[in-house]
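Peer 1: So I've got this file, model-v5.txt, and it contains compact mmCIF, C-alpha atoms:
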```txt
# COMPACT_ATOMS: atom_id res chain seq x y z
CA MET D 1 -11.41 35.56 -7.20
CA PRO D 2 -14.43 33.45 -8.24
CA GLU D 3 -14.39 29.95 -6.82
CA SER D 4 -14.11 27.26 -9.46
CA GLU D 5 -15.81 23.95 -8.80
CA LEU D 6 -15.14 20.38 -9.71
CA TRP D 7 -17.81 18.89 -11.95
CA VAL D 8 -18.87 16.57 -9.11
CA THR D 9 -19.38 19.56 -6.83
CA LYS D 10 -21.36 21.29 -9.58
CA VAL D 11 -23.65 18.25 -9.84
CA PHE D 12 -24.12 18.19 -6.05
CA ASN D 13 -24.82 21.91 -5.88
CA ASP D 14 -27.26 21.86 -8.77
CA TYR D 15 -29.37 18.94 -7.58
CA LEU D 16 -28.73 18.50 -3.85
CA ALA D 17 -28.55 22.08 -2.62
CA GLY D 18 -31.56 21.43 -0.39
CA ALA D 19 -29.83 18.54 1.38
CA GLY D 20 -26.70 20.65 1.82
CA ASN D 21 -28.64 23.52 3.34
CA TRP D 22 -30.46 21.12 5.67
CA ALA D 23 -27.07 19.89 6.91
CA LEU D 24 -25.94 23.49 7.42
CA GLY D 25 -29.16 24.14 9.33
CA LEU D 26 -28.33 21.29 11.73
CA VAL D 27 -25.30 23.27 12.93
CA LYS D 28 -27.20 26.60 12.91
CA MET D 29 -25.42 28.08 9.90
CA PRO D 30 -27.36 30.22 7.40
CA PRO D 31 -28.33 28.59 4.08
CA GLN D 32 -26.13 29.46 1.10
CA ALA D 33 -26.59 29.45 -2.64
CA ARG D 34 -24.05 26.68 -3.30
CA PRO D 35 -23.66 24.88 0.02
CA TRP D 36 -21.49 21.94 -1.08
CA ALA D 37 -17.76 22.67 -0.93
CA ASP D 38 -15.23 20.74 -3.02
CA PHE D 39 -13.68 18.93 -0.08
CA VAL D 40 -17.07 17.89 1.37
CA VAL D 41 -18.18 16.40 -1.94
CA MET D 42 -14.84 14.60 -2.38
CA GLN D 43 -15.09 13.11 1.11
CA VAL D 44 -18.61 11.86 0.37
CA LEU D 45 -17.29 10.35 -2.86
CA VAL D 46 -14.41 8.60 -1.09
CA VAL D 47 -16.77 7.16 1.51
CA LEU D 48 -19.19 5.95 -1.19
CA VAL D 49 -16.36 4.31 -3.15
CA LEU D 50 -15.03 2.55 -0.04
CA MET D 51 -18.52 1.35 0.90
CA LEU D 52 -18.97 0.03 -2.65
CA VAL D 53 -15.66 -1.85 -2.51
CA VAL D 54 -16.53 -3.44 0.82
CA ALA D 55 -20.04 -4.29 -0.40
CA LEU D 56 -18.47 -6.07 -3.37
CA LEU D 57 -16.00 -7.86 -1.11
CA ARG D 58 -18.39 -9.22 1.50
CA PRO D 59 -20.20 -11.87 -0.57
CA ARG D 60 -16.89 -13.07 -2.00
CA LEU D 61 -15.36 -13.92 1.37
CA SER D 62 -14.61 -17.62 1.83
CA ALA D 63 -12.52 -19.34 4.47
CA GLY D 64 -11.60 -22.40 2.37
CA ARG D 65 -10.89 -20.88 -1.04
CA PRO D 66 -9.96 -17.20 -0.79
CA GLY D 67 -9.94 -15.32 -4.09
CA LYS D 68 -7.57 -12.52 -5.09
CA PHE D 69 -9.87 -9.80 -3.78
CA GLN D 70 -9.97 -11.39 -0.35
CA GLN D 71 -6.24 -12.00 -0.34
CA THR D 72 -5.55 -8.34 -1.09
CA PHE D 73 -7.60 -7.28 1.90
CA GLU D 74 -6.03 -9.99 4.05
CA LEU D 75 -2.67 -8.45 3.16
CA ILE D 76 -3.85 -5.01 4.26
CA TYR D 77 -5.31 -6.46 7.45
CA GLU D 78 -2.11 -8.38 8.26
CA PHE D 79 -0.08 -5.23 7.72
CA VAL D 80 -2.24 -3.09 10.03
CA HIS D 81 -2.55 -5.82 12.65
CA GLY D 82 1.20 -6.53 12.64
CA GLN D 83 2.08 -2.87 13.09
CA ALA D 84 -0.54 -2.52 15.85
CA GLU D 85 0.84 -5.53 17.75
CA GLU D 86 4.32 -4.01 17.54
CA GLN D 87 3.25 -0.59 18.82
CA VAL D 88 0.37 -1.27 21.20
CA GLY D 89 1.25 -4.68 22.58
CA HIS D 90 -0.98 -7.62 23.37
CA ALA D 91 -4.43 -5.97 23.35
CA ALA D 92 -3.97 -4.54 19.84
CA HIS D 93 -6.89 -6.41 18.28
CA ARG D 94 -9.39 -4.08 19.93
CA TYR D 95 -7.97 -1.03 18.19
CA VAL D 96 -7.17 -2.44 14.75
CA ALA D 97 -10.55 -1.26 13.45
CA PHE D 98 -9.75 2.39 14.07
CA PHE D 99 -6.21 2.13 12.70
CA GLY D 100 -7.46 0.35 9.60
CA VAL D 101 -10.13 2.97 8.97
CA ILE D 102 -7.65 5.81 9.41
CA PHE D 103 -5.16 4.18 7.06
CA ILE D 104 -7.59 3.22 4.29
CA TYR D 105 -9.52 6.49 4.48
CA ILE D 106 -6.48 8.77 4.40
CA LEU D 107 -4.83 6.63 1.71
CA SER D 108 -7.91 6.81 -0.52
CA SER D 109 -8.33 10.54 0.14
CA ASN D 110 -4.70 11.19 -0.77
CA LEU D 111 -4.77 9.10 -3.93
CA ILE D 112 -8.11 10.30 -5.30
CA GLY D 113 -6.50 13.69 -5.96
CA LEU D 114 -4.33 12.18 -8.68
CA ILE D 115 -7.32 11.37 -10.88
CA PRO D 116 -7.98 14.32 -13.20
CA CYS D 117 -11.07 16.35 -12.26
CA PHE D 118 -10.91 15.16 -8.64
CA GLU D 119 -9.22 16.79 -5.67
CA SER D 120 -7.73 15.30 -2.51
CA PRO D 121 -9.99 16.23 0.40
CA THR D 122 -6.90 16.04 2.61
CA MET D 123 -5.60 19.10 0.78
CA ASN D 124 -7.95 21.11 2.96
CA PRO D 125 -6.88 21.70 6.58
CA SER D 126 -10.43 21.12 7.86
CA VAL D 127 -10.35 17.49 6.72
CA THR D 128 -6.97 16.70 8.26
CA ALA D 129 -7.98 18.54 11.42
CA GLY D 130 -11.05 16.31 11.57
CA CYS D 131 -8.90 13.17 11.34
CA ALA D 132 -6.50 14.55 13.97
CA VAL D 133 -9.27 15.50 16.41
CA ALA D 134 -10.88 12.09 15.92
CA THR D 135 -7.55 10.39 16.70
CA PHE D 136 -7.05 12.63 19.75
CA CYS D 137 -10.52 11.84 21.15
CA TYR D 138 -10.04 8.15 20.35
CA TYR D 139 -6.77 7.64 22.17
CA HIS D 140 -7.92 9.53 25.24
CA ALA D 141 -11.20 7.56 25.32
CA VAL D 142 -9.30 4.30 24.90
CA GLY D 143 -6.82 5.30 27.62
CA ILE D 144 -9.61 6.03 30.08
CA GLN D 145 -11.32 2.77 29.10
CA ALA D 146 -8.15 0.76 29.71
CA ASN D 147 -6.84 2.54 32.79
CA GLY D 148 -9.89 4.07 34.46
CA TRP D 149 -9.25 7.31 36.32
CA ARG D 150 -5.62 6.32 36.81
CA TYR D 151 -5.21 7.60 33.24
CA VAL D 152 -4.56 11.05 34.71
CA LEU D 153 -1.34 9.66 36.19
CA HIS D 154 0.04 9.56 32.65
CA PHE D 155 0.10 13.35 32.65
CA LEU D 156 1.83 13.74 35.97
CA GLY D 157 5.31 12.52 35.12
CA PRO D 158 7.65 10.10 36.87
CA MET D 159 7.68 11.68 40.35
CA PRO D 160 4.84 13.23 42.40
CA ALA D 161 7.09 16.19 43.25
CA LEU D 162 7.30 17.14 39.57
CA ALA D 163 3.55 16.90 38.93
CA PRO D 164 2.71 20.68 38.97
CA LEU D 165 5.46 21.24 36.40
CA MET D 166 4.74 18.21 34.26
CA PHE D 167 0.97 18.64 33.94
CA PRO D 168 0.96 21.85 31.80
CA ILE D 169 3.85 20.55 29.73
CA GLU D 170 2.04 17.28 29.05
CA VAL D 171 -1.22 19.06 28.19
CA VAL D 172 0.54 21.34 25.71
CA SER D 173 2.42 18.40 24.25
CA HIS D 174 -0.80 16.46 23.69
CA LEU D 175 -2.43 19.46 22.01
CA ALA D 176 0.66 19.89 19.87
CA ARG D 177 0.20 16.29 18.69
CA MET D 178 -3.15 17.24 17.19
CA LEU D 179 -1.57 20.25 15.50
CA SER D 180 1.34 18.31 14.09
CA LEU D 181 -0.90 15.53 12.75
CA THR D 182 -3.07 18.13 11.00
CA VAL D 183 -0.27 20.21 9.55
CA ARG D 184 1.91 17.29 8.47
CA LEU D 185 -0.78 15.70 6.30
CA TYR D 186 -2.21 19.01 5.04
CA ALA D 187 1.17 20.51 4.14
CA ASN D 188 2.36 17.38 2.33
CA MET D 189 -0.76 17.15 0.18
CA PHE D 190 -1.00 20.89 -0.44
CA ALA D 191 2.68 21.22 -1.31
CA GLY D 192 2.44 18.28 -3.69
CA GLU D 193 -0.38 19.91 -5.59
CA GLN D 194 1.27 23.34 -5.62
CA VAL D 195 4.52 21.93 -6.96
CA THR D 196 2.63 20.15 -9.74
CA LEU D 197 0.81 23.37 -10.61
CA VAL D 198 4.00 25.44 -10.66
CA PHE D 199 5.73 23.02 -12.98
CA LEU D 200 2.65 22.82 -15.17
CA ASN D 201 2.86 26.60 -15.42
CA LEU D 202 6.50 26.41 -16.44
CA THR D 203 6.45 23.56 -18.93
CA LYS D 204 2.80 23.58 -20.00
CA PHE D 205 2.60 19.84 -20.69
CA ALA D 206 3.56 16.38 -19.39
CA ALA D 207 6.55 17.28 -17.17
CA PRO D 208 4.57 17.36 -13.88
CA VAL D 209 3.89 13.61 -14.28
CA ILE D 210 7.14 13.04 -12.37
CA PHE D 211 5.82 15.11 -9.47
CA MET D 212 2.53 13.24 -9.56
CA GLY D 213 4.48 9.99 -9.29
CA LEU D 214 6.31 11.38 -6.26
CA HIS D 215 2.94 12.49 -4.90
CA VAL D 216 1.67 8.88 -5.02
CA PHE D 217 4.62 7.81 -2.87
CA VAL D 218 4.20 10.76 -0.52
CA GLY D 219 0.48 10.05 -0.15
CA VAL D 220 1.09 6.42 0.80
CA VAL D 221 3.87 7.33 3.23
CA GLN D 222 1.81 10.07 4.90
CA ALA D 223 -1.17 7.75 5.36
CA TYR D 224 1.15 5.16 6.92
CA ILE D 225 2.75 7.79 9.18
CA PHE D 226 -0.66 9.01 10.38
CA MET D 227 -1.68 5.46 11.23
CA LEU D 228 1.68 4.76 12.91
CA LEU D 229 1.41 7.88 15.07
CA ALA D 230 -2.15 6.96 16.04
CA MET D 231 -0.82 3.56 17.11
CA VAL D 232 2.02 5.11 19.10
CA TYR D 233 -0.42 7.43 20.90
CA VAL D 234 -2.85 4.60 21.66
CA GLY D 235 0.07 2.47 22.82
CA GLY D 236 1.14 5.24 25.20
CA ALA D 237 -2.40 5.73 26.46
CA VAL D 238 -3.20 2.07 27.24
CA ALA D 239 0.19 1.35 28.79
CA HIS D 240 -0.34 0.17 32.34
CA GLU D 241 1.71 2.21 34.75
CA HIS D 242 4.02 0.08 36.86
CA MET C 1 40.68 39.06 21.34
CA THR C 2 37.50 36.85 21.35
CA LYS C 3 36.18 38.70 24.39
CA LYS C 4 36.52 42.03 22.59
CA VAL C 5 34.70 40.69 19.53
CA LEU C 6 31.89 39.40 21.74
CA LEU C 7 31.68 42.73 23.57
CA LEU C 8 31.49 44.59 20.25
CA LEU C 9 28.71 42.29 19.00
CA ALA C 10 26.76 42.70 22.25
CA LEU C 11 27.01 46.50 21.98
CA MET C 12 25.80 46.40 18.38
CA LEU C 13 22.90 44.20 19.39
CA ILE C 14 21.86 46.58 22.15
CA ALA C 15 22.28 49.67 19.96
CA SER C 16 20.40 48.23 16.98
CA PRO C 17 16.90 49.39 17.99
CA MET C 18 18.16 52.93 18.22
CA ILE C 19 19.94 52.77 14.87
CA PHE C 20 17.35 50.88 12.87
CA ALA C 21 14.09 51.96 14.47
CA GLN C 22 11.31 52.74 12.04
CA GLU C 23 10.00 56.29 11.91
CA ALA C 24 6.40 56.90 12.94
CA ALA C 25 4.03 56.00 10.10
CA ASN C 26 2.90 58.92 7.96
CA PRO C 27 -0.68 58.29 6.72
CA ALA C 28 0.10 60.10 3.48
CA ASP C 29 2.42 57.39 2.14
CA THR C 30 0.75 54.15 3.34
CA ASN C 31 0.90 52.80 -0.22
CA ALA C 32 4.70 53.01 -0.30
CA VAL C 33 4.92 51.51 3.19
CA ALA C 34 2.64 48.65 2.18
CA GLN C 35 4.75 48.00 -0.92
CA ALA C 36 7.98 47.99 1.09
CA HIS C 37 6.30 45.71 3.62
CA ALA C 38 5.31 43.31 0.85
CA GLN C 39 8.85 43.30 -0.53
CA TRP C 40 10.37 42.55 2.87
CA LEU C 41 7.78 39.79 3.30
CA ALA C 42 8.73 38.23 -0.01
CA ILE C 43 12.47 38.39 0.73
CA SER C 44 12.09 36.93 4.23
CA ALA C 45 9.78 34.20 2.92
CA GLY C 46 12.45 33.21 0.39
CA PHE C 47 15.17 33.15 3.04
CA ALA C 48 13.00 31.25 5.52
CA MET C 49 12.20 28.57 2.97
CA ALA C 50 15.84 28.34 1.86
CA ILE C 51 17.07 27.88 5.44
CA ALA C 52 14.38 25.31 6.23
CA SER C 53 15.01 23.32 3.05
CA SER C 54 18.79 23.33 3.40
CA LEU C 55 18.71 22.15 7.02
CA CYS C 56 16.11 19.53 6.08
CA GLY C 57 18.42 18.36 3.29
CA LEU C 58 21.35 18.04 5.70
CA ALA C 59 19.27 16.11 8.23
CA GLN C 60 17.87 13.75 5.60
CA GLY C 61 21.37 13.20 4.22
CA LYS C 62 22.59 12.18 7.65
CA ALA C 63 19.62 9.84 8.11
CA ILE C 64 20.11 8.15 4.74
CA ALA C 65 23.87 7.87 5.27
CA SER C 66 23.45 6.00 8.57
CA ALA C 67 20.68 3.84 7.09
CA VAL C 68 22.79 2.84 4.09
CA GLU C 69 25.80 2.12 6.28
CA GLY C 70 23.64 -0.03 8.54
CA MET C 71 22.29 -1.93 5.56
CA ALA C 72 25.82 -2.52 4.28
CA ARG C 73 27.01 -3.86 7.60
CA ASN C 74 23.96 -6.08 8.19
CA PRO C 75 22.19 -7.00 4.95
CA GLY C 76 19.74 -9.24 6.83
CA ALA C 77 18.21 -6.25 8.60
CA ALA C 78 17.85 -4.26 5.36
CA LYS C 79 14.05 -4.35 5.37
CA ALA C 80 13.70 -3.07 8.92
CA ILE C 81 16.35 -0.39 8.34
CA GLN C 82 14.64 0.73 5.15
CA LEU C 83 11.32 1.04 6.96
CA ALA C 84 12.86 3.08 9.78
CA MET C 85 14.66 5.27 7.24
CA LEU C 86 11.43 6.05 5.37
CA ILE C 87 9.61 6.95 8.58
CA GLY C 88 12.48 9.20 9.66
CA LEU C 89 12.60 10.91 6.27
CA ALA C 90 8.87 11.63 6.40
CA PHE C 91 9.20 13.25 9.83
CA ILE C 92 12.14 15.43 8.76
CA GLU C 93 10.34 16.40 5.55
CA SER C 94 7.32 17.55 7.52
CA LEU C 95 9.48 20.06 9.43
CA ALA C 96 10.43 21.80 6.21
CA LEU C 97 6.80 21.70 5.14
CA TYR C 98 5.71 23.57 8.28
CA THR C 99 7.85 26.49 7.02
CA LEU C 100 6.27 26.23 3.58
CA LEU C 101 2.86 26.38 5.21
CA ILE C 102 3.76 29.61 7.03
CA VAL C 103 4.99 31.08 3.73
CA PHE C 104 1.75 30.19 2.00
CA VAL C 105 -0.36 31.52 4.84
CA LYS C 106 1.49 34.82 5.30
CA VAL C 107 2.43 35.82 1.74
CA LYS C 108 -0.58 37.01 -0.25
```
Represent the structure contained in this file as structure tokens.

Peer 2:
Amino acid sequence: MPESELWVTKVFNDYLAGAGNWALGLVKMPPQARPWADFVVMQVLVVLVLMLVVALLRPRLSAGRPGKFQQTFELIYEFVHGQAEEQVGHAAHRYVAFFGVIFIYILSSNLIGLIPCFESPTMNPSVTAGCAVATFCYYHAVGIQANGWRYVLHFLGPMPALAPLMFPIEVVSHLARMLSLTVRLYANMFAGEQVTLVFLNLTKFAAPVIFMGLHVFVGVVQAYIFMLLAMVYVGGAVAHEH
Amino acid sequence: MTKKVLLLLALMLIASPMIFAQEAANPADTNAVAQAHAQWLAISAGFAMAIASSLCGLAQGKAIASAVEGMARNPGAAKAIQLAMLIGLAFIESLALYTLLIVFVKVK
């Protein structure tokens, strides 16, 4: 079945194929005729939009007289910081940056799919796997940073006698966290789009708007859940063993 | 009486490979075998999704029922209960979606 492209992807492939093939060459993959995939182009677009928003925000920041733009972002920051304090404890301010990035990035990626002619990059398992692997590496790195080499004690269970049994179980459980993060976000976004398409097939016009409304809610909830799970994992990793 | 029923079921379970075993594949009719295989796949995909969705519905119903009862008993905690309910619903939903993912991956 011939691949159909978004118009943004078509623009990228027509004019920036050289840049795409250079990026493929960096990871030793052979050059292709149309190197930019839909989800790659959509991710680049999301990142550019977020950078634009932040670039517009920065000069308008003021401590004495905050405007509406600043207050909106203060709301988002308070939300993320409050949740982080609840889950991670007293040292949460160090990790708020990562949680905020995860939340805003996944939220924007989920919601950009609702605009006609754009597609959610999180509909592709590679994108959600990337977010999950990044979270996995982050909470282990943060755990080692907070606990030193005593971090390995987290994997050994409550009693030293149980350690040979607990270690494989804990390793598998941590790997399963990556899998569940990936599949939860991917399946929610993919199922949302498929349901919309099926109902569009059945009713041909306007009825899938209800499903798109539900998809907005699901996108927000899934971004929040991803951030919350990242916080829970970081909270578990930096917990000081008594 | 229950012991005899259990014994009968155990015997049927043990005898089932002998009764229902597939004959060795004949290369001449691989097309028919592939078609039958696809039909079984479609039927089992439908059943798998139905079981997953119905159990997910039951679990979400239980979660919402306890959340609503909690909110009725303690209206001051309504916000916290609502938040916990939404998180719980999202986790239960994702279990049914894992089954949908398998269906989409396995059924061509």

Peer 1: Each residue of chain D with at least one atom at most 9 Å from chain C should appear once, together with its nearest atom pair and the corresponding distance in Å (one decimal); atoms considered: all atoms listed in the file; ordering: chain, then increasing residue number; output as a tab-separated table.

Peer 2:
```
residue	atom	partner	partner_atom	distance
D:Ser180	CA	C:Ser94	CA	8.9
D:Val183	CA	C:Tyr98	CA	7.0
D:Arg184	CA	C:Ser94	CA	5.5
D:Leu185	CA	C:Ser94	CA	8.4
D:Tyr186	CA	C:Leu101	CA	8.9
D:Ala187	CA	C:Leu97	CA	5.8
D:Asn188	CA	C:Leu97	CA	6.8
D:Phe190	CA	C:Leu101	CA	8.8
D:Ala191	CA	C:Leu97	CA	7.7
D:Val218	CA	C:Ala90	CA	8.4
D:Val221	CA	C:Ala90	CA	7.3
D:Gln222	CA	C:Ala90	CA	7.4
D:Tyr224	CA	C:Ile87	CA	8.8
D:Ile225	CA	C:Ile87	CA	6.9
```

Peer 1: Can you tell me how far CA of Pro160 in chain D sits from CA of Tyr233 in chain D, in Å to one decimal?

Peer 2: 22.9 Å

Peer 1: Between CA of Val171 in chain D and CA of Val232 in chain D, what is the distance, to one decimal in Å?

Peer 2: 17.0 Å

Peer 1: Looking at all atoms listed in the file, which of D:Leu229, D:Gly235, D:Ala92, D:Gly113 is the one that sits closest to Met212 in chain D?

Peer 2: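 Nearest candidate to Met212 in chain D out of D:Leu229, D:Gly235, D:Ala92, D:Gly113: D:Gly113.
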
Peer 1: Taking all atoms listed in the file into account, name the residue in D:Asn124, D:Pro158, D:Leu114, D:Arg177 that is nearest to Pro208 in chain D.

Peer 2: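 Closest to Pro208 in chain D of all the choices is D:Leu114.
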
Peer 1: Since fewer atoms than expected are present, regenerate N, CA and C atoms for range 62-86 of chain C and write them as a short mmCIF file (atom, residue, chain, number, x, y, z; two decimals), in the coordinates of the input.

Peer 2:
```cif
data_model
loop_
_atom_site.label_atom_id
_atom_site.label_comp_id
_atom_site.auth_asym_id
_atom_site.auth_seq_id
_atom_site.Cartn_x
_atom_site.Cartn_y
_atom_site.Cartn_z
N LYS C 62 22.03 12.93 6.53
CA LYS C 62 22.59 12.18 7.65
C LYS C 62 21.80 10.90 7.90
N ALA C 63 20.45 11.02 7.84
CA ALA C 63 19.62 9.84 8.11
C ALA C 63 19.87 8.76 7.07
N ILE C 64 19.91 9.15 5.79
CA ILE C 64 20.11 8.15 4.74
C ILE C 64 21.50 7.56 4.83
N ALA C 65 22.51 8.39 5.18
CA ALA C 65 23.87 7.87 5.27
C ALA C 65 23.96 6.78 6.33
N SER C 66 23.38 7.04 7.53
CA SER C 66 23.45 6.00 8.57
C SER C 66 22.65 4.78 8.15
N ALA C 67 21.50 5.00 7.47
CA ALA C 67 20.68 3.84 7.09
C ALA C 67 21.45 2.98 6.09
N VAL C 68 22.08 3.61 5.11
CA VAL C 68 22.79 2.84 4.09
C VAL C 68 23.98 2.10 4.70
N GLU C 69 24.68 2.80 5.63
CA GLU C 69 25.80 2.12 6.28
C GLU C 69 25.32 0.92 7.08
N GLY C 70 24.19 1.09 7.78
CA GLY C 70 23.64 -0.03 8.54
C GLY C 70 23.27 -1.19 7.64
N MET C 71 22.68 -0.87 6.48
CA MET C 71 22.29 -1.93 5.56
C MET C 71 23.51 -2.63 4.99
N ALA C 72 24.62 -1.88 4.82
CA ALA C 72 25.82 -2.52 4.28
C ALA C 72 26.46 -3.44 5.30
N ARG C 73 26.40 -3.02 6.58
CA ARG C 73 27.01 -3.86 7.60
C ARG C 73 26.19 -5.10 7.89
N ASN C 74 24.85 -5.00 7.75
CA ASN C 74 23.96 -6.08 8.19
C ASN C 74 22.87 -6.27 7.16
N PRO C 75 23.18 -6.90 6.03
CA PRO C 75 22.19 -7.00 4.95
C PRO C 75 20.91 -7.71 5.37
N GLY C 76 20.96 -8.56 6.41
CA GLY C 76 19.74 -9.24 6.83
C GLY C 76 18.70 -8.31 7.39
N ALA C 77 19.15 -7.19 7.99
CA ALA C 77 18.21 -6.25 8.60
C ALA C 77 17.80 -5.16 7.63
N ALA C 78 18.07 -5.35 6.33
CA ALA C 78 17.85 -4.26 5.36
C ALA C 78 16.40 -3.80 5.35
N LYS C 79 15.45 -4.75 5.46
CA LYS C 79 14.05 -4.35 5.37
C LYS C 79 13.65 -3.44 6.53
N ALA C 80 14.08 -3.86 7.74
CA ALA C 80 13.70 -3.07 8.92
C ALA C 80 14.36 -1.69 8.88
N ILE C 81 15.64 -1.67 8.41
CA ILE C 81 16.35 -0.39 8.34
C ILE C 81 15.69 0.51 7.32
N GLN C 82 15.27 -0.09 6.19
CA GLN C 82 14.64 0.73 5.15
C GLN C 82 13.34 1.35 5.66
N LEU C 83 12.58 0.53 6.41
CA LEU C 83 11.32 1.04 6.96
C LEU C 83 11.57 2.21 7.91
N ALA C 84 12.56 2.01 8.81
CA ALA C 84 12.86 3.08 9.78
C ALA C 84 13.37 4.32 9.06
N MET C 85 14.15 4.12 7.98
CA MET C 85 14.66 5.27 7.24
C MET C 85 13.53 6.07 6.61
N LEU C 86 12.53 5.35 6.02
CA LEU C 86 11.43 6.05 5.37
C LEU C 86 10.61 6.84 6.38
#
```
